[in-house]
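Asker: The following block contains the structure, expressed as structure tokens.
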Protein chains: 2
Amino acid sequence: MTVSASITSSSSDLATESARSLYEKLVVLLKDISHINGISSLLGWDQMVMMPKNAEDARANHMSVLDATIHDMETSPILGALLEECERRRLAGELSNELNPYELANIRIALKSYRQETLVPKDVVRALATSTAKANGAWKEAREASDWSKFAPLLEEQVMLTRQKAAYMINGGVCEEARKINQKARAAQGLSDEDECYKGYYQVLVDKFESGFKVDRLQVLFADLKKDLIPLIAKIKAKNFQHENGFLKGDFDIKKQAEFSDKFPTRMGFDMDAGRLDESTHPFCSNAHPTDVRLATRYASDNFQEGITSTIHETGHALYEQGRNKEYVDTPVSSPLSVGIHESQSLLWERLVMLSKPFWTYALPLLKEQFPDRENLQAVDVDQFYLAFNRVEPTLIRLEADEVTYSMHIILRYEIEKALIEGDIQVADVPALWNAKMKEYLGLDVTEDRLGCLQDIHWSVGIIGYFPTYTLGSIYAVQIYNHAREEIPDWDEHMAKGNLTVLKEWLNKNVHESGSLHESGDDLIFGLTGKPLDSSLYVKYLTEKYTTIYDL
Amino acid sequence: MTVSASITSSSSDLATESARSLYEKLVVLLKDISHINGISSLLGWDQMVMMPKNAEDARANHMSVLDATIHDMETSPILGALLEECERRRLAGELSNELNPYELANIRIALKSYRQETLVPKDVVRALATSTAKANGAWKEAREASDWSKFAPLLEEQVMLTRQKAAYMINGGVCEEARKINQKARAAQGLSDEDECYKGYYQVLVDKFESGFKVDRLQVLFADLKKDLIPLIAKIKAKNFQHENGFLKGDFDIKKQAEFSDKFPTRMGFDMDAGRLDESTHPFCSNAHPTDVRLATRYASDNFQEGITSTIHETGHALYEQGRNKEYVDTPVSSPLSVGIHESQSLLWERLVMLSKPFWTYALPLLKEQFPDRENLQAVDVDQFYLAFNRVEPTLIRLEADEVTYSMHIILRYEIEKALIEGDIQVADVPALWNAKMKEYLGLDVTEDRLGCLQDIHWSVGIIGYFPTYTLGSIYAVQIYNHAREEIPDWDEHMAKGNLTVLKEWLNKNVHESGSLHESGDDLIFGLTGKPLDSSLYVKYLTEKYTTIYDL
């Protein structure tokens, strides 16, 4: 008998129970689900960092049994009955006096996730899984051959199945905004409920990663970014000038890099007794539990910037995980709010802190100490180092992009995937559209699809609606950063002295501990700053910084 | 829905199915159970080797949900129905023509384990768990204070509850031998089924760790050992002489030790692509899967022997795990046969191989290479090294005992725990009895209970019936080793050249791949050597070896 199964009230009993008693039963189930997902996260970490290579098949079998168990727990009828009874009372206005906002948020989040898990019929889920496996294989071949036609039919299938899934979620009430968009579009075009209409479908996909965030808001934020960033990028390009960065090139011993980088998580406030730092081919941060947060970084001997950047980026994620609300530990409200907010935490540290001059005022002497034999490094001052570390160079490859051009890569993908899902373009249109946008946004010519529309794994594994979170993360990061600077006196002095924990503590209090209490990233920002999310702050940050760096 | 739950035949359907179809359904369930237990094993490894210290509580919660899930799967009604239907057919003689011996063994083992899991009522299981937690705490305090009276009442409770558990298992038919012993004792004393009689209770406890092994056989084997080993130990002691071992003492850099030791697993045939080697406070070998076998060793800077001994011992276990039968992977018949046979694999490598002269003929030059600055080590030859490495020194502490005296520690514990469970002695009698036996067997005076009957954790965590497997392991090891030497030509030459994989391959074929096909360790030995298990071979090995070493 699982712990969950010990709660066996029938739904008729539930109607007579107090709100408090219902909630407490619910929390038992939600904590079990959190525990079993913690195991899954740990196995994921192990697979990336520790697992011997021959264990791949066995691990797939282990995960398959675990996934089935998780699915059982997440879709258990008693969980559904408890949640629906809570929702009934909430709609009747009976809950808000009985439960506090954190408790109400737990019910809201759990109901949404229960519906997401149960609304899509098994055959659709299975068809998507099969299609994804095929699509991922085809994408690898297509990228290798730089041949879109090898991937196109599989992407078409993915789009079709993703729309099916989206329809179940919209009809099941997972995302009110998506339903509204769809109904409005139908009314405008005079369509009945029977007619095909995919408007709003992208909204429900975005909602899965960026809960509660409206695509209409995205559209405005991204349009504003384009308006200002495209000219900024063009201006930098026109300068045709780069600061000297020879001292960052050449072989940096990996062991010595690690010795330098490994100290930063602790300096930033990461608790090594509640987590680990390892190496992995792909840097990541796992979240088995706030007391067991494991990050992995990587070093390249010929690319010094990559190692320290990965470590600080992943530590930003890790601090969010360790900073979860302790009072509501193991319940949904303690979880990070969204993918974009998570990314804001890593980007805030990576860009706003680590790419700044005060940071290197502190860190450059440590770096010089670590590499005493590198004469050109010993010779640079912090101004030269800062200029070298902040080069802007438009590139075709998203993963190599700098902070100025990165958003254009994202907006391009957002525009294409949204149009695809909503039926405004066809799969066959993607390469030409991609290349045209790349020319317009970054001034670059795509010579091969493997350097263009075939570069990313996302669409091949059914991840559509995720891309916007990268740029939302950047926008959130700047606005949170600006607010932190206002509230923390002597900011630059703290950074220059390496007092990095002052920021960690501020983020704990102002972002991490609120978890998923807010209904969206927009709400979090409004609650924190008293102003709506504003991409012009991001533009301002970039414009001021790079006007100086490139003397525009 | 778990994979298992997809099999939902009612038991009335089962009666009409073919044996093949029943078996195949069973295998699906058994593989799921194997997979989920693999996860548990992996988490166990992680906890010992990787887990950050603050994660202890979270991990306990994670394990609790996982354990409940495992219990659900191991006691599922459909599993029970399938097994009972198979058993009905086996008893009717209908299975042996339909299924092969490996398949029949799977049914036999799965039925036994299903009964073990389901026979004991939940309140007894719970009472034992609660009592164990208390007893372990009390034992720690008692050992600290060297005060038996602090532990005694808790041990009494453990004994009482263990007897309750044993009674359910005997009555449920888990161990036929135990039932026979009990009935014979009752008849001899003229007792009815209602009267208390604990004879046979120890048998069912032993059966859990050493499946199918008869306590009557144990009694004979151990009596023979005592007869010969007590005088041998006394003779060595009377010599009052030790070979020089100064070159093994003093500080050995741990990193260098690891460089030396870490190469042995691979040399012995351990596949690093299907496992790992790490360090841990307590050396162990985990068994998530034959393709994912992780061993952990430890080094002490002031005790060189400990590191290499741990590594080779655990690699012996690991080779057994990696050598499981591939055709029946993830089913019970591929599992190691018993705790004693597992121990035989580690002891065979640790003692018969690593404590031998041919091994050090190969390994000593490597050791000298690794520690070029240790002059006294550089000066020794293999004969001197061998003598130093094989010191015999009776000690009060089991964990520090050598291969000659170790068995006496075990026999002492076996005699006491058997008498306790079967009601021949009381908990209050233990210290005096322990001390008397220690004097008789090893000639040592126990001055404090913490160095005597309070030294081991086992009884405090409800592990009774396990101790004999250590010495059974030694006896098995020698008999398997002798047989391997007969079958492998030029044995000593192979060892002296470091051709260790010749032994690993022989063990794979002759021991590992048979898994749990045999009904007991006794049967395995008979099948392998054509002779019953024979403790005189162990005595002969020790007597010949140490007569030479100590010139007796």
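Quick note on naming: the chains in the structure tokens go A, B, ... in the order shown, residues restart at 1 in each chain, and ligands are numbered from 1 in order of appearance.
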Could you give me, as a short mmCIF file (atom, residue, chain, number, x, y, z; two decimals) with all heavy atoms, in the first residue's frame, the residues within 8 Å of Ser40 (chain B), counting only C-alpha atoms and dropping anything in the same chain fewer than 4 positions from it?

Answerer:
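So selection-v8.cif came out as:
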```cif
data_model
loop_
_atom_site.label_atom_id
_atom_site.label_comp_id
_atom_site.auth_asym_id
_atom_site.auth_seq_id
_atom_site.Cartn_x
_atom_site.Cartn_y
_atom_site.Cartn_z
N ILE B 36 12.31 -1.79 -10.09
CA ILE B 36 12.07 -0.81 -9.02
C ILE B 36 13.03 -1.05 -7.86
O ILE B 36 13.49 -0.10 -7.21
CB ILE B 36 10.57 -0.81 -8.58
CG1 ILE B 36 10.24 0.44 -7.77
CG2 ILE B 36 10.21 -2.05 -7.82
CD1 ILE B 36 9.50 1.49 -8.52
N GLY B 44 20.51 3.79 -2.56
CA GLY B 44 21.35 3.36 -1.44
C GLY B 44 22.81 3.71 -1.70
O GLY B 44 23.51 4.25 -0.83
N MET B 63 12.73 7.51 0.12
CA MET B 63 12.81 6.06 0.25
C MET B 63 11.51 5.48 0.79
O MET B 63 11.13 4.37 0.43
CB MET B 63 13.96 5.67 1.20
CG MET B 63 15.34 5.83 0.59
SD MET B 63 15.58 4.98 -1.00
CE MET B 63 15.46 3.28 -0.48
N LEU B 66 9.18 5.14 -2.02
CA LEU B 66 9.65 4.07 -2.91
C LEU B 66 9.43 2.69 -2.27
O LEU B 66 8.96 1.76 -2.94
CB LEU B 66 11.14 4.26 -3.23
CG LEU B 66 11.68 3.34 -4.32
CD1 LEU B 66 11.07 3.68 -5.68
CD2 LEU B 66 13.20 3.40 -4.41
N ASP B 67 9.74 2.58 -0.99
CA ASP B 67 9.53 1.29 -0.31
C ASP B 67 8.07 0.88 -0.35
O ASP B 67 7.76 -0.30 -0.55
CB ASP B 67 9.99 1.39 1.16
CG ASP B 67 11.50 1.42 1.28
OD1 ASP B 67 12.18 1.10 0.28
OD2 ASP B 67 12.00 1.77 2.36
N ALA B 288 22.44 -2.33 -8.61
CA ALA B 288 21.26 -1.81 -9.31
C ALA B 288 20.93 -2.67 -10.53
O ALA B 288 19.77 -2.85 -10.88
CB ALA B 288 21.48 -0.37 -9.74
#
```

Asker: Asn171 (chain A): which residues within 12 Å, counting only C-alpha atoms, same-chain residues fewer than 3 positions away excluded, as an NGL selection string?

Answerer: :A and (115-116 or 119-120 or 164-168 or 174-180 or 182-183 or 193 or 200-201 or 204)

Asker: Return the single residue from A:Ser516, A:Thr471, A:Gln189, A:Asn287 that is closest to chain B, with distances computed using only C-alpha atoms.

Answerer: A:Asn287

Asker: Compile the contact shell of Leu155 (chain B) as an NGL selection string: residues with an atom at most 7 Å away, counting only C-alpha atoms, same-chain residues fewer than 3 positions apart removed.

Answerer: :B and (135 or 151-152 or 158-159 or 460)

Asker: Using only C-alpha atoms, which protein or nucleic acid residues come within 8 Å of region 315-322 of chain B? Drop anything in the same chain fewer than 6 positions from it, and give the result as a PDB file with C-alpha atoms, in the first residue's frame.

Answerer:
```
ATOM      1  CA  PRO B 265      39.242  -4.298 -10.380  1.00  0.00           C
ATOM      2  CA  MET B 268      40.387  -8.976 -12.141  1.00  0.00           C
ATOM      3  CA  GLY B 269      37.954  -8.550 -15.007  1.00  0.00           C
ATOM      4  CA  PHE B 270      35.599  -5.914 -13.623  1.00  0.00           C
ATOM      5  CA  ASP B 271      34.009  -4.009 -16.509  1.00  0.00           C
ATOM      6  CA  ALA B 274      29.180  -1.563 -16.476  1.00  0.00           C
ATOM      7  CA  CYS B 285      29.098  -3.205  -3.520  1.00  0.00           C
ATOM      8  CA  SER B 286      25.705  -2.153  -4.878  1.00  0.00           C
ATOM      9  CA  ASN B 287      23.663  -4.038  -7.421  1.00  0.00           C
ATOM     10  CA  HIS B 289      21.784  -4.020 -12.378  1.00  0.00           C
ATOM     11  CA  PRO B 290      24.501  -6.287 -13.839  1.00  0.00           C
ATOM     12  CA  THR B 291      25.289  -3.416 -16.218  1.00  0.00           C
ATOM     13  CA  ASP B 292      25.490  -0.950 -13.312  1.00  0.00           C
ATOM     14  CA  VAL B 293      27.510  -2.430 -10.449  1.00  0.00           C
ATOM     15  CA  ARG B 294      29.078   0.155  -8.188  1.00  0.00           C
ATOM     16  CA  LEU B 295      31.655  -0.651  -5.594  1.00  0.00           C
ATOM     17  CA  SER B 335      20.186 -13.215  -8.668  1.00  0.00           C
ATOM     18  CA  PRO B 336      23.077 -14.335  -6.498  1.00  0.00           C
ATOM     19  CA  HIS B 342      28.142 -13.818  -2.275  1.00  0.00           C
ATOM     20  CA  GLU B 343      30.638 -13.658   0.573  1.00  0.00           C
ATOM     21  CA  GLN B 345      33.174 -14.635  -4.006  1.00  0.00           C
ATOM     22  CA  SER B 346      34.670 -11.722  -2.108  1.00  0.00           C
ATOM     23  CA  LEU B 347      36.628 -13.952   0.288  1.00  0.00           C
ATOM     24  CA  LEU B 348      37.963 -16.137  -2.490  1.00  0.00           C
ATOM     25  CA  TRP B 349      39.620 -13.106  -4.055  1.00  0.00           C
ATOM     26  CA  GLU B 350      40.551 -11.446  -0.793  1.00  0.00           C
ATOM     27  CA  LYS B 504      37.018 -14.474 -13.172  1.00  0.00           C
ATOM     28  CA  ASN B 508      31.458 -16.607 -14.298  1.00  0.00           C
ATOM     29  CA  HIS B 512      27.902 -16.638 -11.329  1.00  0.00           C
TER      30      HIS B 512
END
```

Asker: Can you list, as a PyMOL selection string, every residue of region 371-549 of chain A that DSSP puts in alpha helix (DSSP H)?

Answerer: chain A and resi 375-379+382-389+406-421+430-442+468-487+491-497+501-510+521-529+535-549

Asker: Kindly give the distance, in Å, that separates CA of Ile109 (chain A) and CA of His483 (chain A), rounded to a single decimal.

Answerer: 27.6 Å

Asker: Counting only C-alpha atoms, a student should be able to say which residues of chain B come within 8 Å of chain A; what is the right answer, written as JSON, numbers by chain?

Answerer: {"B": [1, 2, 3, 32, 35, 36, 38, 39, 51, 52, 53, 54, 55, 58, 61, 62, 65, 66, 68, 69, 71, 72, 272, 273, 274, 275, 276, 289, 291, 292]}

Asker: Find the distance between CA of Glu244 (chain A) and CA of Tyr386 (chain A) and write it in Å to one decimal.

Answerer: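 We find that CA of Glu244 (chain A) and CA of Tyr386 (chain A) lie 10.6 Å from each other.
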